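Novice: Sharing run04.tsv, TSV, C-alpha atoms:
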```tsv
chain	number	residue	atom	x	y	z
N	563	MET	CA	-21.78	-60.31	63.57
N	564	PHE	CA	-20.92	-62.97	66.17
N	565	ALA	CA	-22.69	-65.62	64.09
N	566	LEU	CA	-20.55	-64.67	61.09
N	567	LEU	CA	-17.43	-64.59	63.27
N	568	LYS	CA	-18.20	-68.10	64.50
N	569	LYS	CA	-18.83	-69.23	60.93
N	570	GLU	CA	-15.49	-67.80	59.75
N	571	ILE	CA	-13.56	-69.47	62.58
N	572	SER	CA	-15.33	-72.77	61.89
N	573	GLY	CA	-14.47	-72.34	58.22
N	574	PHE	CA	-10.79	-71.98	59.06
N	575	LEU	CA	-10.74	-74.94	61.42
N	576	GLY	CA	-13.02	-77.02	59.20
N	577	SER	CA	-10.59	-76.83	56.30
N	578	LEU	CA	-6.95	-77.74	55.88
N	579	ILE	CA	-5.73	-74.16	55.54
N	580	GLY	CA	-6.12	-73.36	59.24
N	581	TYR	CA	-4.17	-76.42	60.36
N	582	ILE	CA	-1.57	-75.97	57.61
N	583	VAL	CA	-0.92	-72.38	58.70
N	584	ILE	CA	-0.55	-73.37	62.36
N	585	CYS	CA	1.69	-76.35	61.57
N	586	VAL	CA	3.92	-74.44	59.14
N	587	PHE	CA	4.38	-71.64	61.65
N	588	LEU	CA	5.21	-73.95	64.56
N	589	ILE	CA	7.50	-76.24	62.53
N	590	THR	CA	9.39	-73.34	60.94
N	591	ILE	CA	9.87	-71.48	64.22
N	592	GLY	CA	10.66	-74.70	66.11
N	593	LEU	CA	13.39	-75.73	63.68
N	594	LEU	CA	14.98	-72.29	63.68
N	595	LEU	CA	14.91	-71.99	67.48
N	596	TRP	CA	15.92	-75.50	68.53
N	597	VAL	CA	17.38	-77.53	65.64
N	598	PHE	CA	19.23	-75.54	62.99
N	599	PRO	CA	22.65	-74.25	64.17
N	600	PHE	CA	21.93	-70.63	63.29
N	601	ASN	CA	22.28	-67.56	65.49
N	602	SER	CA	18.62	-67.99	66.38
N	603	ASN	CA	19.27	-71.35	68.10
N	604	ILE	CA	18.34	-70.92	71.77
N	605	LEU	CA	20.46	-73.82	73.02
N	606	ASN	CA	23.61	-72.36	71.46
N	607	SER	CA	22.99	-68.78	72.55
N	608	GLY	CA	23.93	-69.27	76.21
N	609	TYR	CA	21.17	-66.85	77.13
N	610	ALA	CA	17.88	-67.76	78.82
N	611	GLY	CA	15.37	-66.07	76.59
N	612	ILE	CA	13.14	-66.61	73.56
N	613	ASP	CA	14.01	-63.31	71.87
N	614	PRO	CA	14.79	-65.08	68.54
N	615	LEU	CA	11.10	-66.08	68.38
N	616	PHE	CA	10.08	-62.42	68.25
N	617	VAL	CA	12.73	-61.62	65.64
N	618	LEU	CA	11.71	-64.46	63.33
N	619	ALA	CA	7.92	-64.42	63.82
N	620	PRO	CA	7.24	-61.18	61.87
N	621	TRP	CA	8.99	-62.59	58.80
N	622	VAL	CA	7.06	-65.85	59.02
N	623	PHE	CA	3.79	-63.97	59.63
N	624	MET	CA	4.56	-61.85	56.57
N	625	PHE	CA	3.73	-64.90	54.43
N	626	LEU	CA	1.41	-66.96	56.62
N	627	ILE	CA	-1.07	-64.22	57.51
N	628	PRO	CA	-1.68	-63.27	53.85
N	629	ALA	CA	-2.22	-67.00	53.22
N	630	VAL	CA	-4.99	-66.91	55.83
N	631	THR	CA	-6.62	-63.65	54.77
N	632	MET	CA	-6.41	-64.09	50.99
N	633	ARG	CA	-9.69	-66.01	50.99
N	634	SER	CA	-11.61	-63.47	53.09
N	635	PHE	CA	-13.32	-61.64	50.23
N	636	ALA	CA	-11.55	-62.97	47.14
N	637	GLU	CA	-13.15	-66.39	47.58
N	638	GLU	CA	-16.58	-64.80	48.11
N	639	LYS	CA	-16.19	-62.80	44.89
N	640	LYS	CA	-14.98	-65.77	42.87
N	641	ALA	CA	-17.78	-68.01	44.15
N	642	GLY	CA	-20.38	-65.29	43.53
N	643	THR	CA	-21.53	-65.28	47.15
N	644	ILE	CA	-20.29	-61.76	47.95
N	645	GLU	CA	-23.65	-60.16	47.12
N	646	LEU	CA	-25.47	-62.70	49.29
N	647	LEU	CA	-23.08	-61.96	52.14
N	648	LEU	CA	-23.51	-58.20	51.79
N	649	THR	CA	-27.32	-58.48	51.80
N	650	ARG	CA	-27.27	-59.91	55.31
N	651	PRO	CA	-28.64	-57.67	58.08
N	652	LEU	CA	-25.10	-56.58	58.84
N	653	SER	CA	-23.21	-53.46	57.89
N	654	ASP	CA	-20.13	-53.71	55.70
N	655	LEU	CA	-18.02	-52.80	58.72
N	656	GLU	CA	-19.47	-55.64	60.81
N	657	ILE	CA	-18.73	-58.14	58.04
N	658	ILE	CA	-15.15	-56.87	57.75
N	659	LEU	CA	-14.63	-57.01	61.52
N	660	ALA	CA	-15.99	-60.58	61.66
N	661	LYS	CA	-13.44	-61.69	59.07
N	662	TYR	CA	-10.72	-59.62	60.74
N	663	PHE	CA	-11.23	-61.09	64.22
N	664	ALA	CA	-11.60	-64.62	62.83
N	665	SER	CA	-8.14	-64.31	61.30
N	666	ILE	CA	-6.80	-62.86	64.55
N	667	ALA	CA	-8.21	-65.88	66.40
N	668	LEU	CA	-6.29	-68.23	64.11
N	669	VAL	CA	-3.07	-66.28	64.73
N	670	VAL	CA	-3.63	-66.50	68.50
N	671	LEU	CA	-4.15	-70.26	68.18
N	672	SER	CA	-0.84	-70.55	66.34
N	673	LEU	CA	0.95	-68.55	69.06
N	674	LEU	CA	-0.41	-70.45	72.06
N	675	PRO	CA	1.78	-73.56	71.52
N	676	THR	CA	4.89	-71.33	71.55
N	677	LEU	CA	4.33	-70.94	75.30
N	678	VAL	CA	5.99	-74.37	75.48
N	679	TYR	CA	9.19	-72.64	74.34
N	680	TYR	CA	8.85	-70.11	77.16
N	681	ILE	CA	8.28	-72.85	79.74
N	682	SER	CA	11.26	-74.83	78.38
N	683	VAL	CA	13.61	-71.86	78.62
N	684	TYR	CA	12.19	-70.99	82.03
N	685	MET	CA	13.10	-74.48	83.29
N	686	LEU	CA	16.45	-74.64	81.48
N	687	GLY	CA	17.64	-71.31	82.86
N	688	TYR	CA	20.30	-71.20	85.56
N	689	PRO	CA	18.86	-70.87	88.07
N	690	PRO	CA	15.42	-72.01	86.83
N	691	GLY	CA	13.23	-69.02	86.18
N	692	ASN	CA	16.15	-66.81	85.17
N	693	ILE	CA	14.31	-65.18	82.26
N	694	ASP	CA	13.23	-61.60	81.60
N	695	ASN	CA	9.46	-62.02	81.98
N	696	GLY	CA	8.66	-58.35	81.33
N	697	ARG	CA	10.51	-58.38	78.03
N	698	THR	CA	8.95	-61.71	77.05
N	699	TRP	CA	5.33	-60.73	77.69
N	700	GLY	CA	5.88	-57.30	76.16
N	701	SER	CA	7.20	-59.03	73.05
N	702	TYR	CA	4.16	-61.31	72.90
N	703	LEU	CA	1.90	-58.28	73.14
N	704	GLY	CA	3.87	-56.54	70.42
N	705	LEU	CA	3.59	-59.62	68.22
N	706	LEU	CA	-0.19	-59.63	68.65
N	707	PHE	CA	-0.39	-55.97	67.67
N	708	LEU	CA	1.83	-56.64	64.66
N	709	ALA	CA	-0.34	-59.60	63.66
N	710	GLY	CA	-3.41	-57.36	63.89
N	711	GLY	CA	-1.80	-54.91	61.49
N	712	PHE	CA	-0.82	-57.66	59.05
N	713	VAL	CA	-4.33	-59.14	59.19
N	714	SER	CA	-5.93	-55.77	58.38
N	715	ILE	CA	-3.55	-55.43	55.41
N	716	GLY	CA	-4.40	-58.96	54.24
N	717	VAL	CA	-8.15	-58.42	54.49
N	718	PHE	CA	-7.82	-55.20	52.49
N	719	ALA	CA	-5.77	-56.97	49.81
N	720	SER	CA	-8.44	-59.66	49.59
N	721	SER	CA	-11.18	-57.07	49.11
N	722	ILE	CA	-9.68	-55.58	45.94
N	723	SER	CA	-9.35	-58.79	43.93
N	724	ASN	CA	-11.32	-61.94	43.18
N	725	ASN	CA	-8.11	-63.92	42.76
N	726	GLN	CA	-6.66	-65.39	45.95
N	727	VAL	CA	-3.12	-65.62	44.55
N	728	VAL	CA	-3.15	-61.95	43.55
N	729	SER	CA	-4.51	-61.04	46.99
N	730	PHE	CA	-1.76	-63.09	48.65
N	731	ILE	CA	1.05	-61.49	46.64
N	732	PHE	CA	-0.31	-57.97	47.13
N	733	ALA	CA	-0.69	-58.55	50.89
N	734	VAL	CA	2.89	-59.87	51.19
N	735	ILE	CA	4.24	-56.82	49.34
N	736	LEU	CA	2.24	-54.40	51.49
N	737	CYS	CA	3.30	-56.16	54.71
N	738	PHE	CA	6.94	-56.02	53.65
N	739	ILE	CA	6.74	-52.33	52.76
N	740	CYS	CA	5.00	-51.45	56.03
N	741	TYR	CA	7.39	-53.55	58.13
N	742	SER	CA	10.78	-53.01	56.47
N	743	GLY	CA	10.31	-50.60	53.58
N	744	PHE	CA	9.90	-47.43	55.62
N	745	ALA	CA	12.70	-48.50	57.97
N	746	PHE	CA	15.08	-48.94	55.03
N	747	ILE	CA	14.14	-45.60	53.48
N	748	GLY	CA	14.32	-43.78	56.81
N	749	GLN	CA	17.79	-45.10	57.58
N	750	TYR	CA	19.37	-44.30	54.22
N	751	ILE	CA	17.62	-41.14	53.05
N	752	SER	CA	18.11	-38.96	56.10
N	753	SER	CA	19.17	-39.23	59.72
N	754	GLY	CA	17.37	-36.04	60.78
N	755	VAL	CA	13.74	-35.15	61.34
N	756	ILE	CA	12.64	-36.49	57.96
N	757	GLY	CA	14.40	-39.80	58.54
N	758	ASN	CA	12.87	-40.20	61.98
N	759	PHE	CA	9.44	-39.38	60.59
N	760	ILE	CA	9.75	-42.00	57.86
N	761	LEU	CA	10.95	-44.53	60.44
N	762	SER	CA	7.94	-43.77	62.63
N	763	ILE	CA	5.58	-44.59	59.75
N	764	GLY	CA	6.89	-48.15	59.53
N	765	ILE	CA	5.91	-51.07	61.74
N	766	SER	CA	9.46	-52.17	62.56
N	767	MET	CA	10.32	-49.28	64.90
N	768	HIS	CA	7.14	-49.62	66.95
N	769	TYR	CA	7.37	-53.40	67.11
N	770	SER	CA	11.00	-53.22	68.24
N	771	SER	CA	10.02	-50.76	70.94
N	772	MET	CA	7.35	-53.10	72.33
N	773	SER	CA	9.71	-56.07	72.07
N	774	ARG	CA	11.94	-54.44	74.66
N	775	GLY	CA	9.13	-54.89	77.16
N	776	VAL	CA	8.22	-51.20	77.20
N	777	ILE	CA	4.54	-50.61	76.42
N	778	ASP	CA	4.46	-47.08	75.07
N	779	THR	CA	1.07	-45.48	74.39
N	780	ARG	CA	2.41	-44.12	71.11
N	781	ASP	CA	3.13	-47.65	69.88
N	782	VAL	CA	-0.32	-48.87	70.87
N	783	ILE	CA	-1.94	-45.92	69.11
N	784	TYR	CA	0.18	-46.56	66.03
N	785	PHE	CA	-0.89	-50.20	65.70
N	786	ALA	CA	-4.52	-49.36	66.41
N	787	SER	CA	-4.42	-46.61	63.78
N	788	LEU	CA	-2.77	-48.92	61.25
N	789	SER	CA	-5.46	-51.57	61.66
N	790	ILE	CA	-8.29	-49.02	61.62
N	791	ALA	CA	-6.89	-47.36	58.49
N	792	PHE	CA	-6.80	-50.61	56.48
N	793	ILE	CA	-10.19	-51.70	57.81
N	794	LEU	CA	-11.69	-48.41	56.61
N	795	MET	CA	-9.92	-48.83	53.28
N	796	THR	CA	-11.49	-52.28	53.04
N	797	ARG	CA	-14.93	-50.81	53.69
N	798	THR	CA	-14.32	-48.23	50.95
N	799	SER	CA	-13.28	-51.04	48.61
N	800	LEU	CA	-16.52	-52.93	49.29
N	801	GLU	CA	-18.64	-49.81	48.99
N	802	SER	CA	-17.14	-49.09	45.58
N	803	ARG	CA	-19.46	-51.75	44.15
N	804	LYS	CA	-22.28	-49.22	44.56
N	805	TRP	CA	-20.54	-46.51	42.55
```
Kindly present the structure from the file in structure tokens form.

Specialist:
Amino acid sequence: MFALLKKEISGFLGSLIGYIVICVFLITIGLLLWVFPFNSNILNSGYAGIDPLFVLAPWVFMFLIPAVTMRSFAEEKKAGTIELLLTRPLSDLEIILAKYFASIALVVLSLLPTLVYYISVYMLGYPPGNIDNGRTWGSYLGLLFLAGGFVSIGVFASSISNNQVVSFIFAVILCFICYSGFAFIGQYISSGVIGNFILSIGISMHYSSMSRGVIDTRDVIYFASLSIAFILMTRTSLESRKW
């Protein structure tokens, strides 16, 4: 499994797609946080914090992560190497996890440079260091959990098609529904128990909770369950070739 994981990471970094994803993410977030005069501009906010990063990142990830994961199995199917891959002395689950963690590694690499934003705001604060560290690190953790959920969705979408474009579009739609769809339905259908239940199914509520710097066990369990559910669905998709 670790050999395949290393191969997948090398495949990302050995091709343009890995660098394109990282650059697009950093340039997009950088422009919105520091250049464009929108509400997300840190310099115009008068507040020492990088909260806009954690508001914008899920929407950017909603497109960039499917762009990373769309090749996971779709490319293998199109190239005819899927059977060769599945005949390796690895279980289907180990193959899925190798591709899953390789994509996670690329997301982490794209997030690491954003620590420069944190350091900049830390130094620019008055007095220096006047930043809510608990909220910031809680938000980073929440963003990693969210990315893990998006990656599991993207890998699943890639497993059901041999066309990367179809996999990308399907993954974007699923990510949007899981992040905002349930929140929209929950807010406008009912404000009672049913509405709260629908809200709790969506990613947005749990991500917002973690972004406040409060690490609730229920949120951690939710994200773990989300990732596990789509990973198991991916395994079922791969096993369907035997039916």

Novice: From the options N:Val734, N:Leu646, N:Leu655, N:Ile612, which residue's atoms come nearest to Val678 in chain N, counting only C-alpha atoms?

Specialist: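 That would be N:Ile612, the residue with the smallest distance to Val678 in chain N.
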
Novice: For a test of reading the model, state the distance in Å between CA of Cys585 in chain N and CA of Val670 in chain N, rounded to one decimal.

Specialist: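 Distance between the two atoms: 13.2 Å.
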
Novice: Record the distance separating CA of Leu800 in chain N and CA of Met632 in chain N, expressed in Å with one decimal.

Specialist: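 That distance, rounded to one decimal, is 15.2 Å.
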
Novice: Have a look at N:Val755, N:Ala709, N:Val597, N:Ile693 and name the one nearest to Phe625 in chain N; count all atoms listed in the file.

Specialist: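 Closest to Phe625 in chain N, using all atoms listed in the file: N:Ala709.
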
Novice: List the neighbours of Ile715 in chain N out to 6 Å using all atoms listed in the file; skip same-chain residues closer than 3 positions along the sequence, and give me the result as a list in words.

Specialist: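 Listing them by chain and then by number gives Phe712, Phe718 and Phe792 of chain N.
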
Novice: Based on the selection just made, write C-alpha atoms of those residues as a compact mmCIF listing (two decimals), keeping the file's coordinate frame.

Specialist:
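Listed below is the output, out_25.txt:
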```
# COMPACT_ATOMS: atom_id res chain seq x y z
CA PHE N 712 -0.82 -57.66 59.05
CA PHE N 718 -7.82 -55.20 52.49
CA PHE N 792 -6.80 -50.61 56.48
```

Novice: Skip Leu673 in chain N itself and residues of its chain fewer than 2 positions away, then list as a list of chain:residue names all residues within 12 Å of it, counting all atoms listed in the file.

Specialist: N:Val583, N:Ile584, N:Cys585, N:Val586, N:Phe587, N:Leu588, N:Ile591, N:Gly592, N:Leu615, N:Phe616, N:Ala619, N:Phe623, N:Ile666, N:Ala667, N:Leu668, N:Val669, N:Val670, N:Leu671, N:Pro675, N:Thr676, N:Leu677, N:Val678, N:Tyr679, N:Tyr680, N:Tyr702, N:Leu703, N:Leu705, N:Leu706, N:Ala709

Novice: Out of N:Ala786, N:Cys737, N:Ile571, N:Ile722, which residue has the shortest atom-to-atom distance to Val622 in chain N when counting only C-alpha atoms?

Specialist: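 Nearest candidate to Val622 in chain N out of N:Ala786, N:Cys737, N:Ile571, N:Ile722: N:Cys737.
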
Novice: Give me, please, the distance in Å between CA of Tyr662 in chain N and CA of Ile579 in chain N, quoted to one decimal.

Specialist: 16.2 Å

Novice: Would you compute the box with edges along x, y and z of the file around range 681-692 of chain N, including every atom the file lists for it and 4 Å extra on each side, and give its centre and edge lengths in Å to one decimal, as lines of an AutoDock Vina configuration file?

Specialist:
```
center_x = 14.3
center_y = -70.8
center_z = 83.2
size_x = 20.0
size_y = 16.0
size_z = 17.7
```

Novice: Do a neighbour search on Ala565 in chain N at 12 Å with all atoms listed in the file, toss out local chain neighbours closer than 5 positions, and write the hits as a CSV table (one decimal) with C-alpha atoms, keeping the file's coordinate frame.

Specialist:
```csv
chain,number,residue,atom,x,y,z
N,570,GLU,CA,-15.5,-67.8,59.8
N,571,ILE,CA,-13.6,-69.5,62.6
N,572,SER,CA,-15.3,-72.8,61.9
N,650,ARG,CA,-27.3,-59.9,55.3
N,651,PRO,CA,-28.6,-57.7,58.1
N,652,LEU,CA,-25.1,-56.6,58.8
N,656,GLU,CA,-19.5,-55.6,60.8
N,657,ILE,CA,-18.7,-58.1,58.0
N,660,ALA,CA,-16.0,-60.6,61.7
N,661,LYS,CA,-13.4,-61.7,59.1
N,664,ALA,CA,-11.6,-64.6,62.8
```

Novice: Here is a test: counting all atoms listed in the file, which residue of N:Asp781, N:Asp654, N:Asp613, N:Glu637 is nearest to Gly696 in chain N?

Specialist: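 Looking only at the distances to Gly696 in chain N, the closest residue turns out to be N:Asp613.
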
Novice: Rank N:Ser789, N:Ser802, N:Ser665, N:Asn724 by their smallest atom-to-atom distance to Lys569 in chain N, using only C-alpha atoms, and report the top residue only.

Specialist: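 With only C-alpha atoms as the atom set, the closest residue is N:Ser665.
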
Novice: Could you check the closest approach to Thr590 in chain N for each of N:Lys568, N:Leu736, N:Ser672, N:Tyr609 and tell me which residue wins, using all atoms listed in the file?

Specialist: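 Ranking N:Lys568, N:Leu736, N:Ser672, N:Tyr609 by distance to Thr590 in chain N, first place goes to N:Ser672.
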
Novice: Excluding same-chain residues fewer than 6 positions from Gly700 in chain N, what lies within 10 Å of it counting only C-alpha atoms, as JSON, numbers by chain?

Specialist: {"N": [706, 769, 771, 772, 773, 774, 775, 776, 777]}

Novice: Restricting the output to C-alpha atoms, write the selected residues as an mmCIF file, in the coordinates of the input.

Specialist:
```cif
data_model
loop_
_atom_site.group_PDB
_atom_site.id
_atom_site.type_symbol
_atom_site.label_atom_id
_atom_site.label_comp_id
_atom_site.auth_asym_id
_atom_site.auth_seq_id
_atom_site.Cartn_x
_atom_site.Cartn_y
_atom_site.Cartn_z
ATOM 1 C CA LEU N 706 -0.190 -59.630 68.650
ATOM 2 C CA TYR N 769 7.370 -53.400 67.110
ATOM 3 C CA SER N 771 10.020 -50.760 70.940
ATOM 4 C CA MET N 772 7.350 -53.100 72.330
ATOM 5 C CA SER N 773 9.710 -56.070 72.070
ATOM 6 C CA ARG N 774 11.940 -54.440 74.660
ATOM 7 C CA GLY N 775 9.130 -54.890 77.160
ATOM 8 C CA VAL N 776 8.220 -51.200 77.200
ATOM 9 C CA ILE N 777 4.540 -50.610 76.420
#
```

Novice: Save range 606-628 of chain N to disk from that block, N, CA and C atoms included, as a compact mmCIF listing (two decimals), in the first residue's frame.

Specialist:
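The result, written out as part-v3.txt:
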```txt
# COMPACT_ATOMS: atom_id res chain seq x y z
N ASN N 606 -8.21 45.51 4.56
CA ASN N 606 -9.30 46.47 4.69
C ASN N 606 -10.27 46.12 5.81
N SER N 607 -10.08 44.94 6.41
CA SER N 607 -11.04 44.49 7.42
C SER N 607 -10.85 45.17 8.76
N GLY N 608 -9.61 45.60 9.06
CA GLY N 608 -9.33 46.21 10.36
C GLY N 608 -9.31 45.21 11.50
N TYR N 609 -9.26 43.92 11.13
CA TYR N 609 -9.29 42.87 12.14
C TYR N 609 -8.13 41.91 11.89
N ALA N 610 -7.37 41.61 12.93
CA ALA N 610 -6.20 40.73 12.79
C ALA N 610 -6.66 39.28 12.81
N GLY N 611 -6.89 38.75 11.65
CA GLY N 611 -7.32 37.36 11.54
C GLY N 611 -7.36 36.94 10.09
N ILE N 612 -7.31 35.63 9.85
CA ILE N 612 -7.36 35.11 8.48
C ILE N 612 -8.65 34.31 8.28
N ASP N 613 -9.71 34.73 8.98
CA ASP N 613 -11.00 34.05 8.84
C ASP N 613 -11.50 33.97 7.40
N PRO N 614 -11.28 35.03 6.57
CA PRO N 614 -11.75 34.93 5.17
C PRO N 614 -11.15 33.73 4.43
N LEU N 615 -9.94 33.32 4.81
CA LEU N 615 -9.33 32.15 4.17
C LEU N 615 -10.22 30.92 4.35
N PHE N 616 -10.76 30.76 5.55
CA PHE N 616 -11.54 29.56 5.86
C PHE N 616 -12.97 29.66 5.35
N VAL N 617 -13.39 30.86 4.97
CA VAL N 617 -14.69 31.02 4.32
C VAL N 617 -14.57 30.73 2.83
N LEU N 618 -13.48 31.16 2.22
CA LEU N 618 -13.29 31.01 0.78
C LEU N 618 -12.78 29.62 0.38
N ALA N 619 -11.91 29.04 1.22
CA ALA N 619 -11.25 27.79 0.86
C ALA N 619 -12.21 26.66 0.49
N PRO N 620 -13.32 26.44 1.23
CA PRO N 620 -14.23 25.35 0.84
C PRO N 620 -14.77 25.49 -0.57
N TRP N 621 -15.04 26.74 -1.00
CA TRP N 621 -15.58 26.96 -2.34
C TRP N 621 -14.52 26.73 -3.41
N VAL N 622 -13.27 27.07 -3.10
CA VAL N 622 -12.18 26.80 -4.03
C VAL N 622 -11.90 25.30 -4.08
N PHE N 623 -11.88 24.66 -2.92
CA PHE N 623 -11.67 23.21 -2.85
C PHE N 623 -12.75 22.45 -3.59
N MET N 624 -13.95 23.01 -3.63
CA MET N 624 -15.08 22.35 -4.27
C MET N 624 -14.81 22.07 -5.75
N PHE N 625 -13.90 22.84 -6.34
CA PHE N 625 -13.54 22.63 -7.75
C PHE N 625 -12.15 22.02 -7.89
N LEU N 626 -11.23 22.42 -7.04
CA LEU N 626 -9.85 21.95 -7.18
C LEU N 626 -9.68 20.50 -6.75
N ILE N 627 -10.34 20.09 -5.67
CA ILE N 627 -10.19 18.70 -5.23
C ILE N 627 -10.76 17.72 -6.25
N PRO N 628 -11.94 17.96 -6.83
CA PRO N 628 -12.40 17.07 -7.90
C PRO N 628 -11.44 17.04 -9.09
```
